[in-house]
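> Can you read through this structure? Questions will come right after.
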Amino acid sequence: MIEATRLSKSYGRTRAVDGLSFEVRAGVVTGFLGPNGSGKSTTMRMIMGLDRPNAGDVTLDGRRYHDLKWPLREVGALLEATAVHPGRSARNHLLSLAQTNAIQKERVDEVLELVGLTAVAGRKVGKYSLGMSQRLGIASALLGDPGVLLFDEPINGLDPEGILWVRNLLKSLAGEGRTIFVSSHLMSEMSLSATDLVVIGRGKLIADTTVDDFIRSNTVATVLVRSPEAGRLADALSSIGASVTRGEGDSLLVTKVDPARIGDAAHAAGIALHELSPQQASLEEVFMELTSDSVDFHGHARVGVAS
Amino acid sequence: MTTVATTLAPIERGRAGLREEILSEWTKLRSVRSTWIALVVVVVAGIGLSALVTNIEAGRWAGLGVVDRAQFDPVRFSQTGEFISQFVVGVLGALIVTSEYATGSIRTTLATIPRRTTVLAAKGIVIAAVIFVVAELTAFASFFVSQAVLMAHGGKALPSGSSIVAQIKSPTIPVASITSTGAARAVFLCGVYLVLLTIIALGIGFMLRHTAGAISLYVGLLLVLPLIIQILPSSISNSIERYLPSNLGLAMIVVTTRKTDFAGVLMSPWAAAGTLALYAAVIVVVGGWVLVRRDA
């Protein structure tokens with residue numbers, strides 16, 4: 001379990017993390033979401049004892065990182081996949097890590113096999129693709145067979161097969177009872193792999209919940225209806241208290257009533273329906289909605305020539 | 001899908017410490033090519049350049065004037081390659097720190113060993129041990145090769161206790177024996193000089209964290225600082241010069257028992273070694289302070 005309590009960190013006058021408290025429980029994948037620059041990596045570094053918080057505290061199963069006797073055997077982390085000397089082979093890189101925590105050489109070959117890098121283990125890491133570097137980073141996180149795993153943007157640079165592999169790996173690691181904390185700015189990915197969510201924006205906590213609750217509590221259920229008599233249907237639905245918006249062509253977007261009542265109302269009015277489908281708001285949309293106020297760097301449409 | 005079926009044996013006692021980190025640093029050092037290139041340059045420049053310069057000097061003996069003859073030190077000439085090696089070991093010492101900051105892998109290192117002073121100590125011990133072995137072997141090999149070169153030019157050892165006048169009047173170029181007064185000490189301290197410089201560069205690496213900055217400062221201390229001191233009025237520069245790292249190195253390597261123009265300008269060999277070691281200690285403490293205090 002990871003427990004952050006009122007964690008704060010400033011760089012100069014920039015507040016990167018601001019009074020952040022959350023809990024990451026064991027046995028499930030917890031997604032750590034936030035726009036770029038929202039303080040995810042800073043938080044990860046504070047968990048790992050690399051950056052010192054200005055205030056607050058973060059513990060791993062009740063202990064601070066600095067007090068772990070064999071840290072690699074308790075916490076594995078993928079912070080930056082490319083943070084490896086480019087002239088060193090993957091095997092030697094992993095061996096140098098293994099030696100710091102008295103991990104046997106055989107384990108190096110084992111994790112290389114696990115991430116599928118055995119064939120290129122002797123090649124210089126500088127010649128690796130980003131996807132291969134990510135796999136090496138994951139291998140180094142798994143080296144000490146730790147109970148807590150932190151992954152900072154693990155699917156960056158991976159191909160679809162690699163993404164699927166990471167998704168399954170995260171789930172099975174969690175299934176083994178480990179604590180899995182995965183940061184990402186890709187909400188859609190988290191909706192597929194995470195069970196719990198910690199959402200931050202500008203260093204502050206926005207939500208500490210489950211993926212399901214997060215979507216449910218932040219979306220309005222919308223139903224898409226298509227009918228050749230869309231105009232008449234809109235009136236019929238309004239009369240039963242629905243809120244109706246005209247969509248493209250013969251479609252309507254209906255809120256405040258569920259699909260069953262829409263179907264009943266159409267039937268009663270003798271109107272044919274060509275489509276009746278509940279719209280699931282994606283995590284992406286919910287997230288954009290929630291963090292739109294706290295994104296540091298908006299892209300702006302160009303509205304004129306700067307004077 | 002099986003994930004982390006493991007053969008990893010659990011560990012109950014102790015903690016990740018100096019022993020483990022030394023093993024890891026040695027793996028890191030030996031597994032990049034730049035280390036081996038640097039060490040080959042130290043050996044080749046050490047022996048080759050020394051032999052070359054000695055060879056040139058030996059051929060000129062008959063035509064050398066009184067001052068040049070008086071100053072000729074067959075031991076010092078055998079260690080000429082040190083001038084190149086001091087920069088090579090400095091770059092190596094700085095790089096083992098700054099390359100980790102450049103790639104970001106310092107964060108991995110500090111996460112595996114949360115006690116940062118242990119990381120500094122392990123890096124220092126490993127690089128110092130490697131440079132000590134290579135530099136000492138090179139220094140002694142240079143010595144014997146250079147004396148052989150002198151003998152090939154008909155050089156002969158002067159009787160022990162010979163005066164400076166005897167050296168000036170000698171028809172053949174003087175050759176040193178390793179048992180000559182001060183010879184073994186000078187050769188040994190040449191290796192020690194390179195080790196202390198490596199540690200200074202390592203400390204600068206931890207202080208500045210950037211390769212270019214660290215190497216600039218290091219080269220500045222050895223090459224630029226002496227030039228600046230020379231510009232000062234001699235009343236000031238004379239009292240400062242002996243404390244310059246490069247002059248401490250010279251003091252460690254020349255055989256000062258013979259009266260040369262260095263006498264009085266340079267410290268005694270052991271005092272110079274002690275002073276340079278003090279510099280190294282101060283720089284490492286400052287580097288360690290930065291390492292512990294600043295975010296990684």
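Ligands are numbered from 1 in the order shown, residues from 1 within each chain, and chains are lettered A, B, ... in the order they appear in the structure tokens.
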Residues at most 10 Å from Asp61 in chain A, counting only C-alpha atoms, excluding those fewer than 2 positions away in the same chain, as a VMD selection string?

chain A and resid 1 to 3 25 to 26 58 to 59 63 to 65 74 147 to 148 179

> Which residues of chain A come within 9 Å of chain B, and what is each one's closest atom pair and distance in Å (one decimal), counting only C-alpha atoms, sorted by chain and residue number, as JSON lines?


```
{"residue": "A:Arg45", "atom": "CA", "partner": "B:Arg107", "partner_atom": "CA", "distance": 8.6}
{"residue": "A:Met48", "atom": "CA", "partner": "B:Ala111", "partner_atom": "CA", "distance": 6.3}
{"residue": "A:Gly49", "atom": "CA", "partner": "B:Ala111", "partner_atom": "CA", "distance": 7.2}
{"residue": "A:Leu50", "atom": "CA", "partner": "B:Ala296", "partner_atom": "CA", "distance": 5.4}
{"residue": "A:Asp51", "atom": "CA", "partner": "B:Asp295", "partner_atom": "CA", "distance": 4.7}
{"residue": "A:Arg52", "atom": "CA", "partner": "B:Asp295", "partner_atom": "CA", "distance": 6.5}
{"residue": "A:Tyr65", "atom": "CA", "partner": "B:Pro114", "partner_atom": "CA", "distance": 7.6}
{"residue": "A:His66", "atom": "CA", "partner": "B:Pro114", "partner_atom": "CA", "distance": 5.4}
{"residue": "A:Asp67", "atom": "CA", "partner": "B:Pro114", "partner_atom": "CA", "distance": 8.1}
{"residue": "A:Leu68", "atom": "CA", "partner": "B:Arg15", "partner_atom": "CA", "distance": 8.1}
{"residue": "A:Lys69", "atom": "CA", "partner": "B:Arg15", "partner_atom": "CA", "distance": 4.4}
{"residue": "A:Trp70", "atom": "CA", "partner": "B:Ala16", "partner_atom": "CA", "distance": 5.4}
{"residue": "A:Pro71", "atom": "CA", "partner": "B:Thr112", "partner_atom": "CA", "distance": 5.9}
{"residue": "A:Leu72", "atom": "CA", "partner": "B:Thr112", "partner_atom": "CA", "distance": 5.7}
{"residue": "A:Arg73", "atom": "CA", "partner": "B:Pro10", "partner_atom": "CA", "distance": 8.7}
{"residue": "A:Ala77", "atom": "CA", "partner": "B:Thr108", "partner_atom": "CA", "distance": 8.5}
{"residue": "A:Leu78", "atom": "CA", "partner": "B:Thr108", "partner_atom": "CA", "distance": 8.9}
{"residue": "A:Leu79", "atom": "CA", "partner": "B:Thr108", "partner_atom": "CA", "distance": 8.3}
{"residue": "A:Glu80", "atom": "CA", "partner": "B:Gly104", "partner_atom": "CA", "distance": 7.6}
{"residue": "A:Thr82", "atom": "CA", "partner": "B:Thr103", "partner_atom": "CA", "distance": 7.2}
{"residue": "A:Ala83", "atom": "CA", "partner": "B:Ser105", "partner_atom": "CA", "distance": 4.6}
{"residue": "A:Val84", "atom": "CA", "partner": "B:Ser105", "partner_atom": "CA", "distance": 5.4}
{"residue": "A:His85", "atom": "CA", "partner": "B:Thr103", "partner_atom": "CA", "distance": 6.3}
{"residue": "A:Pro86", "atom": "CA", "partner": "B:Thr103", "partner_atom": "CA", "distance": 8.2}
{"residue": "A:Gly87", "atom": "CA", "partner": "B:Val32", "partner_atom": "CA", "distance": 5.6}
{"residue": "A:Arg88", "atom": "CA", "partner": "B:Val32", "partner_atom": "CA", "distance": 5.4}
{"residue": "A:Ser89", "atom": "CA", "partner": "B:Ser31", "partner_atom": "CA", "distance": 7.5}
{"residue": "A:Asn92", "atom": "CA", "partner": "B:Ser31", "partner_atom": "CA", "distance": 6.6}
{"residue": "A:His93", "atom": "CA", "partner": "B:Lys28", "partner_atom": "CA", "distance": 7.2}
{"residue": "A:Leu95", "atom": "CA", "partner": "B:Thr27", "partner_atom": "CA", "distance": 7.4}
{"residue": "A:Ser96", "atom": "CA", "partner": "B:Ser24", "partner_atom": "CA", "distance": 4.4}
{"residue": "A:Leu97", "atom": "CA", "partner": "B:Ser24", "partner_atom": "CA", "distance": 6.6}
{"residue": "A:Ala98", "atom": "CA", "partner": "B:Ser24", "partner_atom": "CA", "distance": 7.8}
{"residue": "A:Gln99", "atom": "CA", "partner": "B:Ser24", "partner_atom": "CA", "distance": 5.3}
{"residue": "A:Thr100", "atom": "CA", "partner": "B:Glu20", "partner_atom": "CA", "distance": 4.6}
{"residue": "A:Asn101", "atom": "CA", "partner": "B:Ala16", "partner_atom": "CA", "distance": 5.3}
{"residue": "A:Ala102", "atom": "CA", "partner": "B:Glu20", "partner_atom": "CA", "distance": 6.5}
{"residue": "A:Ile103", "atom": "CA", "partner": "B:Leu8", "partner_atom": "CA", "distance": 7.0}
{"residue": "A:Gln104", "atom": "CA", "partner": "B:Leu8", "partner_atom": "CA", "distance": 7.0}
{"residue": "A:Glu106", "atom": "CA", "partner": "B:Thr7", "partner_atom": "CA", "distance": 7.7}
{"residue": "A:Arg107", "atom": "CA", "partner": "B:Leu8", "partner_atom": "CA", "distance": 6.3}
{"residue": "A:Glu110", "atom": "CA", "partner": "B:Thr6", "partner_atom": "CA", "distance": 7.7}
{"residue": "A:Val111", "atom": "CA", "partner": "B:Val4", "partner_atom": "CA", "distance": 8.0}
{"residue": "A:Leu114", "atom": "CA", "partner": "B:Thr3", "partner_atom": "CA", "distance": 7.0}
{"residue": "A:Leu142", "atom": "CA", "partner": "B:Val4", "partner_atom": "CA", "distance": 7.5}
{"residue": "A:Leu143", "atom": "CA", "partner": "B:Leu8", "partner_atom": "CA", "distance": 8.8}
{"residue": "A:Gly144", "atom": "CA", "partner": "B:Leu8", "partner_atom": "CA", "distance": 7.5}
{"residue": "A:Asp145", "atom": "CA", "partner": "B:Val4", "partner_atom": "CA", "distance": 7.0}
{"residue": "A:Asn168", "atom": "CA", "partner": "B:Met1", "partner_atom": "CA", "distance": 8.1}
{"residue": "A:Leu169", "atom": "CA", "partner": "B:Thr3", "partner_atom": "CA", "distance": 6.7}
{"residue": "A:Ser172", "atom": "CA", "partner": "B:Thr3", "partner_atom": "CA", "distance": 6.9}
{"residue": "A:Leu173", "atom": "CA", "partner": "B:Thr3", "partner_atom": "CA", "distance": 7.0}
```

> Residues as selected, N, CA and C atoms, written as a short mmCIF file (atom, residue, chain, number, x, y, z; two decimals), in the first residue's frame, can you do that?


```
data_model
loop_
_atom_site.label_atom_id
_atom_site.label_comp_id
_atom_site.auth_asym_id
_atom_site.auth_seq_id
_atom_site.Cartn_x
_atom_site.Cartn_y
_atom_site.Cartn_z
N ARG A 45 8.56 10.64 -7.93
CA ARG A 45 9.92 10.82 -7.41
C ARG A 45 9.93 10.96 -5.90
N MET A 48 9.66 7.65 -4.30
CA MET A 48 10.94 6.93 -4.39
C MET A 48 12.06 7.58 -3.57
N GLY A 49 11.74 8.64 -2.84
CA GLY A 49 12.77 9.29 -2.03
C GLY A 49 13.79 10.06 -2.83
N LEU A 50 13.48 10.38 -4.08
CA LEU A 50 14.44 11.10 -4.92
C LEU A 50 14.31 12.60 -4.76
N ASP A 51 13.07 13.06 -4.62
CA ASP A 51 12.83 14.47 -4.33
C ASP A 51 12.27 14.55 -2.92
N ARG A 52 12.70 15.57 -2.20
CA ARG A 52 12.27 15.72 -0.82
C ARG A 52 11.03 16.60 -0.79
N TYR A 65 10.56 5.43 2.01
CA TYR A 65 11.46 4.77 1.06
C TYR A 65 12.88 4.69 1.61
N HIS A 66 13.30 5.78 2.21
CA HIS A 66 14.68 5.86 2.70
C HIS A 66 14.98 4.80 3.75
N ASP A 67 13.94 4.31 4.42
CA ASP A 67 14.16 3.33 5.48
C ASP A 67 14.08 1.88 5.01
N LEU A 68 13.82 1.67 3.72
CA LEU A 68 13.77 0.30 3.21
C LEU A 68 15.18 -0.28 3.20
N LYS A 69 15.31 -1.52 3.68
CA LYS A 69 16.65 -2.10 3.76
C LYS A 69 17.11 -2.60 2.41
N TRP A 70 16.22 -3.23 1.66
CA TRP A 70 16.55 -3.71 0.31
C TRP A 70 15.51 -3.14 -0.64
N PRO A 71 15.66 -1.87 -0.99
CA PRO A 71 14.57 -1.18 -1.70
C PRO A 71 14.11 -1.84 -2.99
N LEU A 72 15.06 -2.40 -3.75
CA LEU A 72 14.69 -2.99 -5.04
C LEU A 72 13.83 -4.24 -4.86
N ARG A 73 13.95 -4.87 -3.70
CA ARG A 73 13.17 -6.07 -3.42
C ARG A 73 11.79 -5.71 -2.90
N ALA A 77 10.42 0.26 -9.88
CA ALA A 77 9.91 1.46 -10.54
C ALA A 77 10.43 1.60 -11.96
N LEU A 78 9.54 2.03 -12.83
CA LEU A 78 9.92 2.47 -14.15
C LEU A 78 9.64 3.96 -14.17
N LEU A 79 10.69 4.77 -14.01
CA LEU A 79 10.47 6.22 -13.98
C LEU A 79 10.71 6.83 -15.36
N GLU A 80 11.92 6.64 -15.89
CA GLU A 80 12.20 7.09 -17.25
C GLU A 80 12.85 5.93 -17.98
N THR A 82 14.35 5.79 -20.74
CA THR A 82 15.60 6.05 -21.45
C THR A 82 16.74 6.42 -20.50
N ALA A 83 16.49 6.33 -19.20
CA ALA A 83 17.51 6.70 -18.23
C ALA A 83 18.52 5.57 -18.02
N VAL A 84 19.18 5.20 -19.10
CA VAL A 84 20.18 4.14 -19.05
C VAL A 84 21.36 4.61 -19.89
N HIS A 85 22.58 4.29 -19.46
CA HIS A 85 23.75 4.65 -20.26
C HIS A 85 23.65 3.98 -21.62
N PRO A 86 23.68 4.77 -22.70
CA PRO A 86 23.44 4.20 -24.04
C PRO A 86 24.53 3.20 -24.48
N GLY A 87 25.68 3.27 -23.87
CA GLY A 87 26.77 2.39 -24.29
C GLY A 87 26.80 1.06 -23.56
N ARG A 88 25.86 0.86 -22.64
CA ARG A 88 25.87 -0.36 -21.82
C ARG A 88 24.83 -1.33 -22.37
N SER A 89 25.12 -2.62 -22.29
CA SER A 89 24.15 -3.62 -22.73
C SER A 89 23.04 -3.75 -21.69
N ASN A 92 24.09 -6.02 -18.79
CA ASN A 92 24.98 -5.38 -17.81
C ASN A 92 24.26 -4.32 -16.99
N HIS A 93 23.34 -3.62 -17.64
CA HIS A 93 22.55 -2.62 -16.91
C HIS A 93 21.76 -3.29 -15.78
N LEU A 95 22.32 -6.23 -14.51
CA LEU A 95 23.24 -6.84 -13.54
C LEU A 95 23.70 -5.79 -12.52
N SER A 96 24.02 -4.58 -13.00
CA SER A 96 24.48 -3.55 -12.07
C SER A 96 23.38 -3.19 -11.08
N LEU A 97 22.13 -3.25 -11.52
CA LEU A 97 21.03 -2.99 -10.59
C LEU A 97 20.86 -4.14 -9.61
N ALA A 98 20.93 -5.36 -10.14
CA ALA A 98 20.74 -6.55 -9.30
C ALA A 98 21.77 -6.57 -8.17
N GLN A 99 23.01 -6.22 -8.52
CA GLN A 99 24.09 -6.29 -7.51
C GLN A 99 23.86 -5.34 -6.34
N THR A 100 23.17 -4.23 -6.58
CA THR A 100 22.97 -3.28 -5.47
C THR A 100 22.10 -3.87 -4.38
N ASN A 101 21.26 -4.85 -4.73
CA ASN A 101 20.36 -5.41 -3.73
C ASN A 101 20.55 -6.92 -3.58
N ALA A 102 21.78 -7.36 -3.84
CA ALA A 102 22.15 -8.76 -3.66
C ALA A 102 21.16 -9.71 -4.35
N ILE A 103 20.80 -9.36 -5.58
CA ILE A 103 19.92 -10.20 -6.38
C ILE A 103 20.80 -11.04 -7.31
N GLN A 104 20.52 -12.35 -7.36
CA GLN A 104 21.38 -13.25 -8.12
C GLN A 104 21.33 -12.96 -9.62
N GLU A 106 21.03 -15.00 -12.04
CA GLU A 106 20.03 -15.78 -12.77
C GLU A 106 18.74 -14.97 -12.94
N ARG A 107 18.47 -14.15 -11.96
CA ARG A 107 17.24 -13.35 -11.99
C ARG A 107 17.27 -12.35 -13.17
N GLU A 110 16.13 -14.10 -16.11
CA GLU A 110 14.72 -14.39 -15.94
C GLU A 110 13.84 -13.19 -16.36
N VAL A 111 14.20 -11.99 -15.89
CA VAL A 111 13.36 -10.84 -16.25
C VAL A 111 13.56 -10.44 -17.71
N LEU A 114 11.25 -12.60 -19.44
CA LEU A 114 9.87 -12.17 -19.14
C LEU A 114 9.42 -11.02 -20.04
N LEU A 142 10.87 -5.16 -12.26
CA LEU A 142 10.49 -6.49 -11.77
C LEU A 142 11.65 -7.26 -11.15
N LEU A 143 12.87 -6.72 -11.31
CA LEU A 143 14.09 -7.43 -10.92
C LEU A 143 14.04 -7.98 -9.50
N GLY A 144 13.61 -7.16 -8.56
CA GLY A 144 13.63 -7.58 -7.16
C GLY A 144 12.35 -8.26 -6.72
N ASP A 145 11.47 -8.63 -7.67
CA ASP A 145 10.20 -9.29 -7.36
C ASP A 145 9.45 -8.52 -6.26
N ASN A 168 -1.99 -6.56 -19.74
CA ASN A 168 -2.15 -7.87 -19.11
C ASN A 168 -1.16 -8.08 -17.97
N LEU A 169 0.07 -7.58 -18.19
CA LEU A 169 1.09 -7.71 -17.15
C LEU A 169 0.66 -6.98 -15.88
N SER A 172 -2.08 -8.94 -14.14
CA SER A 172 -1.67 -10.17 -13.46
C SER A 172 -0.77 -9.88 -12.27
N LEU A 173 0.03 -8.80 -12.35
CA LEU A 173 0.84 -8.42 -11.19
C LEU A 173 -0.07 -8.03 -10.03
#
```

> Using the chain letters and numbers from this document, which residues of range 48-119 of chain A does DSSP assign to alpha helix (DSSP H), as a ChimeraX atom specification?

/A:71-74,90-100,105-115

> Select from range 9-243 of chain A everything DSSP, run on the backbone, classes as strand (DSSP E), then give the selection as a PyMOL selection string.

chain A and resi 9-11+14-24+29-33+55-60+75-78+148-152+179-184+196-201+204-210+222-226+243

> Dump C-alpha atoms for the selected residues as a PDB file, in the first residue's frame?


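What follows is the written file out_13.pdb:
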```pdb
ATOM      1  CA  LYS A   9       6.558  20.174  -3.369  1.00  0.00           C
ATOM      2  CA  SER A  10       7.595  23.483  -4.901  1.00  0.00           C
ATOM      3  CA  TYR A  11      10.328  24.230  -7.382  1.00  0.00           C
ATOM      4  CA  THR A  14       6.046  26.774  -8.951  1.00  0.00           C
ATOM      5  CA  ARG A  15       3.893  24.523  -6.798  1.00  0.00           C
ATOM      6  CA  ALA A  16       4.300  21.162  -8.497  1.00  0.00           C
ATOM      7  CA  VAL A  17       2.395  19.188  -5.872  1.00  0.00           C
ATOM      8  CA  ASP A  18       0.014  20.851  -3.465  1.00  0.00           C
ATOM      9  CA  GLY A  19      -1.300  19.097  -0.352  1.00  0.00           C
ATOM     10  CA  LEU A  20      -1.809  15.786  -2.091  1.00  0.00           C
ATOM     11  CA  SER A  21      -3.280  12.908  -0.047  1.00  0.00           C
ATOM     12  CA  PHE A  22      -4.278   9.544  -1.442  1.00  0.00           C
ATOM     13  CA  GLU A  23      -4.052   5.819  -0.868  1.00  0.00           C
ATOM     14  CA  VAL A  24      -3.077   3.108  -3.318  1.00  0.00           C
ATOM     15  CA  VAL A  29      -4.131  -1.600 -10.658  1.00  0.00           C
ATOM     16  CA  THR A  30      -4.415   2.032  -9.632  1.00  0.00           C
ATOM     17  CA  GLY A  31      -4.228   4.595 -12.396  1.00  0.00           C
ATOM     18  CA  PHE A  32      -2.570   7.918 -11.680  1.00  0.00           C
ATOM     19  CA  LEU A  33      -4.081  10.434 -14.050  1.00  0.00           C
ATOM     20  CA  ALA A  55       5.675  19.207   3.477  1.00  0.00           C
ATOM     21  CA  GLY A  56       3.770  16.008   4.058  1.00  0.00           C
ATOM     22  CA  ASP A  57       4.844  12.430   3.882  1.00  0.00           C
ATOM     23  CA  VAL A  58       4.558   9.360   1.732  1.00  0.00           C
ATOM     24  CA  THR A  59       4.976   5.782   2.959  1.00  0.00           C
ATOM     25  CA  LEU A  60       5.105   2.330   1.407  1.00  0.00           C
ATOM     26  CA  VAL A  75       9.619  -1.351  -4.647  1.00  0.00           C
ATOM     27  CA  GLY A  76      10.163  -1.601  -8.376  1.00  0.00           C
ATOM     28  CA  ALA A  77       9.907   1.461 -10.541  1.00  0.00           C
ATOM     29  CA  LEU A  78       9.924   2.473 -14.153  1.00  0.00           C
ATOM     30  CA  VAL A 148       4.989  -2.416  -4.844  1.00  0.00           C
ATOM     31  CA  LEU A 149       5.427  -1.344  -8.453  1.00  0.00           C
ATOM     32  CA  LEU A 150       5.425   2.171  -9.872  1.00  0.00           C
ATOM     33  CA  PHE A 151       5.212   2.746 -13.597  1.00  0.00           C
ATOM     34  CA  ASP A 152       5.481   6.231 -15.065  1.00  0.00           C
ATOM     35  CA  THR A 179       0.360  -2.737  -5.290  1.00  0.00           C
ATOM     36  CA  ILE A 180       0.437  -1.339  -8.820  1.00  0.00           C
ATOM     37  CA  PHE A 181       0.529   2.427  -9.375  1.00  0.00           C
ATOM     38  CA  VAL A 182       0.557   3.471 -13.021  1.00  0.00           C
ATOM     39  CA  SER A 183       0.685   7.038 -14.228  1.00  0.00           C
ATOM     40  CA  SER A 184      -0.643   8.054 -17.575  1.00  0.00           C
ATOM     41  CA  ASP A 196      -8.828   2.452  -8.983  1.00  0.00           C
ATOM     42  CA  LEU A 197      -8.009   6.003  -9.954  1.00  0.00           C
ATOM     43  CA  VAL A 198      -6.092   8.869  -8.448  1.00  0.00           C
ATOM     44  CA  VAL A 199      -6.701  11.971 -10.547  1.00  0.00           C
ATOM     45  CA  ILE A 200      -4.722  15.169 -10.116  1.00  0.00           C
ATOM     46  CA  GLY A 201      -4.587  18.519 -11.827  1.00  0.00           C
ATOM     47  CA  LYS A 204      -4.009  18.933  -6.415  1.00  0.00           C
ATOM     48  CA  LEU A 205      -6.207  15.914  -5.902  1.00  0.00           C
ATOM     49  CA  ILE A 206      -9.284  15.870  -8.128  1.00  0.00           C
ATOM     50  CA  ALA A 207     -10.513  12.364  -7.386  1.00  0.00           C
ATOM     51  CA  ASP A 208      -9.457   9.261  -5.445  1.00  0.00           C
ATOM     52  CA  THR A 209     -11.992   6.643  -6.469  1.00  0.00           C
ATOM     53  CA  THR A 210     -12.657   3.655  -8.727  1.00  0.00           C
ATOM     54  CA  THR A 222     -27.283  10.236 -22.585  1.00  0.00           C
ATOM     55  CA  VAL A 223     -29.342   8.125 -24.990  1.00  0.00           C
ATOM     56  CA  LEU A 224     -28.973   8.372 -28.746  1.00  0.00           C
ATOM     57  CA  VAL A 225     -32.290   7.907 -30.567  1.00  0.00           C
ATOM     58  CA  ARG A 226     -32.878   7.830 -34.323  1.00  0.00           C
ATOM     59  CA  SER A 243     -34.379  16.896 -22.217  1.00  0.00           C
TER      60      SER A 243
END
```

> Find the spatial neighbours of range 143-147 of chain B, counting only C-alpha atoms, within a cut-off of 7 Å - ignore same-chain residues fewer than 6 positions away - and output them as a short mmCIF file (atom, residue, chain, number, x, y, z; two decimals) with N, CA and C atoms, in the first residue's frame.


```cif
data_model
loop_
_atom_site.label_atom_id
_atom_site.label_comp_id
_atom_site.auth_asym_id
_atom_site.auth_seq_id
_atom_site.Cartn_x
_atom_site.Cartn_y
_atom_site.Cartn_z
N SER B 50 56.35 9.23 -22.59
CA SER B 50 57.54 9.31 -21.74
C SER B 50 58.77 8.81 -22.48
N ALA B 51 58.62 7.66 -23.14
CA ALA B 51 59.76 7.09 -23.87
C ALA B 51 60.18 8.01 -25.01
N THR B 54 61.89 11.15 -23.62
CA THR B 54 63.20 10.74 -23.10
C THR B 54 64.18 10.50 -24.25
N VAL B 75 64.27 10.66 -13.83
CA VAL B 75 63.02 10.15 -13.25
C VAL B 75 61.84 10.99 -13.76
N SER B 78 60.92 10.33 -17.24
CA SER B 78 60.25 9.03 -17.45
C SER B 78 58.76 9.13 -17.16
N GLN B 79 58.30 10.24 -16.56
CA GLN B 79 56.88 10.38 -16.20
C GLN B 79 56.20 11.48 -17.01
N VAL B 175 71.43 8.03 -16.11
CA VAL B 175 70.32 7.08 -16.04
C VAL B 175 69.99 6.90 -14.57
N ALA B 176 68.67 6.78 -14.25
CA ALA B 176 68.31 6.54 -12.85
C ALA B 176 68.06 5.06 -12.64
#
```

> Tell me which of B:Ala94, B:Ala186, B:Met207, B:Val43 sits closest to Thr138 in chain B, counting only C-alpha atoms.

B:Val43

> With distances taken over only C-alpha atoms, which of A:Val286, A:Gly116, A:Asn54, A:Ala174 is nearest to Asn218 in chain A?

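Checking each candidate against Asn218 in chain A, we get A:Val286 as the closest.
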
> As an exercise, work out the distance from CA of Leu223 in chain B to CA of Phe83 in chain B in Å and give it to one decimal place.

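Going from CA of Leu223 in chain B over to CA of Phe83 in chain B, I get 10.6 Å.
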
> Give me the residues near Phe188 in chain B as a list in words, where near means some atom within 10 Å (using only C-alpha atoms) and where sequence neighbours in that chain fewer than 5 positions away do not count.

Phe132, Ala135, Glu136, Leu137, Ala139, Phe140, Gly182, Ala183, Tyr193, Met252 and Ile253 of chain B

> Using only C-alpha atoms, which residues sit within 8 Å of range 159-163 of chain B once same-chain residues fewer than 3 positions away are excluded, as a PyMOL selection string?

chain B and resi 166-167+180

> Set the distance at 12 Å and use only C-alpha atoms: which residues neighbour Glu229 in chain A once local chain neighbours fewer than 4 positions away are removed? I'd like the list as number ranges by chain.

A: 225, 233-236, 249-252, 266, 269-274

> Considering only C-alpha atoms, tabulate each residue of range 187-248 of chain B that lies at most 10 Å from range 288-291 of chain B along with its nearest interatomic pair and the corresponding distance in Å to one decimal; arrange the rows by chain and ascending residue number and present them as a tab-separated table.


```
residue	atom	partner	partner_atom	distance
B:Gly203	CA	B:Gly288	CA	7.5
B:Ile204	CA	B:Gly288	CA	9.9
B:Phe206	CA	B:Leu291	CA	6.3
B:Met207	CA	B:Val290	CA	5.9
B:Leu208	CA	B:Val290	CA	8.7
B:Arg209	CA	B:Leu291	CA	9.3
```

> Mind writing the picked residues with C-alpha atoms as a short mmCIF file (atom, residue, chain, number, x, y, z; two decimals), in the first residue's frame?


```
data_model
loop_
_atom_site.label_atom_id
_atom_site.label_comp_id
_atom_site.auth_asym_id
_atom_site.auth_seq_id
_atom_site.Cartn_x
_atom_site.Cartn_y
_atom_site.Cartn_z
CA GLY B 203 33.86 15.38 -6.47
CA ILE B 204 33.49 18.15 -9.07
CA PHE B 206 28.88 15.55 -7.90
CA MET B 207 29.09 19.31 -7.33
CA LEU B 208 28.17 20.41 -10.85
CA ARG B 209 26.32 17.39 -12.31
#
```

> Which is closer to Lys171 in chain A than all the others in A:Met132, A:Ala260, A:Ala194, A:Leu117, using only C-alpha atoms?

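Smallest distance to Lys171 in chain A is found for A:Ala194.
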
> Go through A:Ile138, A:Gly203, A:Pro228, A:Leu158 and flag the residue nearest Thr42 in chain A, using only C-alpha atoms for the distances.

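Comparing A:Ile138, A:Gly203, A:Pro228, A:Leu158 against Thr42 in chain A, the winner is A:Gly203.
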
> If you count only C-alpha atoms, which residues fall within 8 Å of Val42 in chain B, apart from same-chain ones fewer than 6 positions away, as a ChimeraX atom specification?

/B:81,84-85,88-89,134-135,138
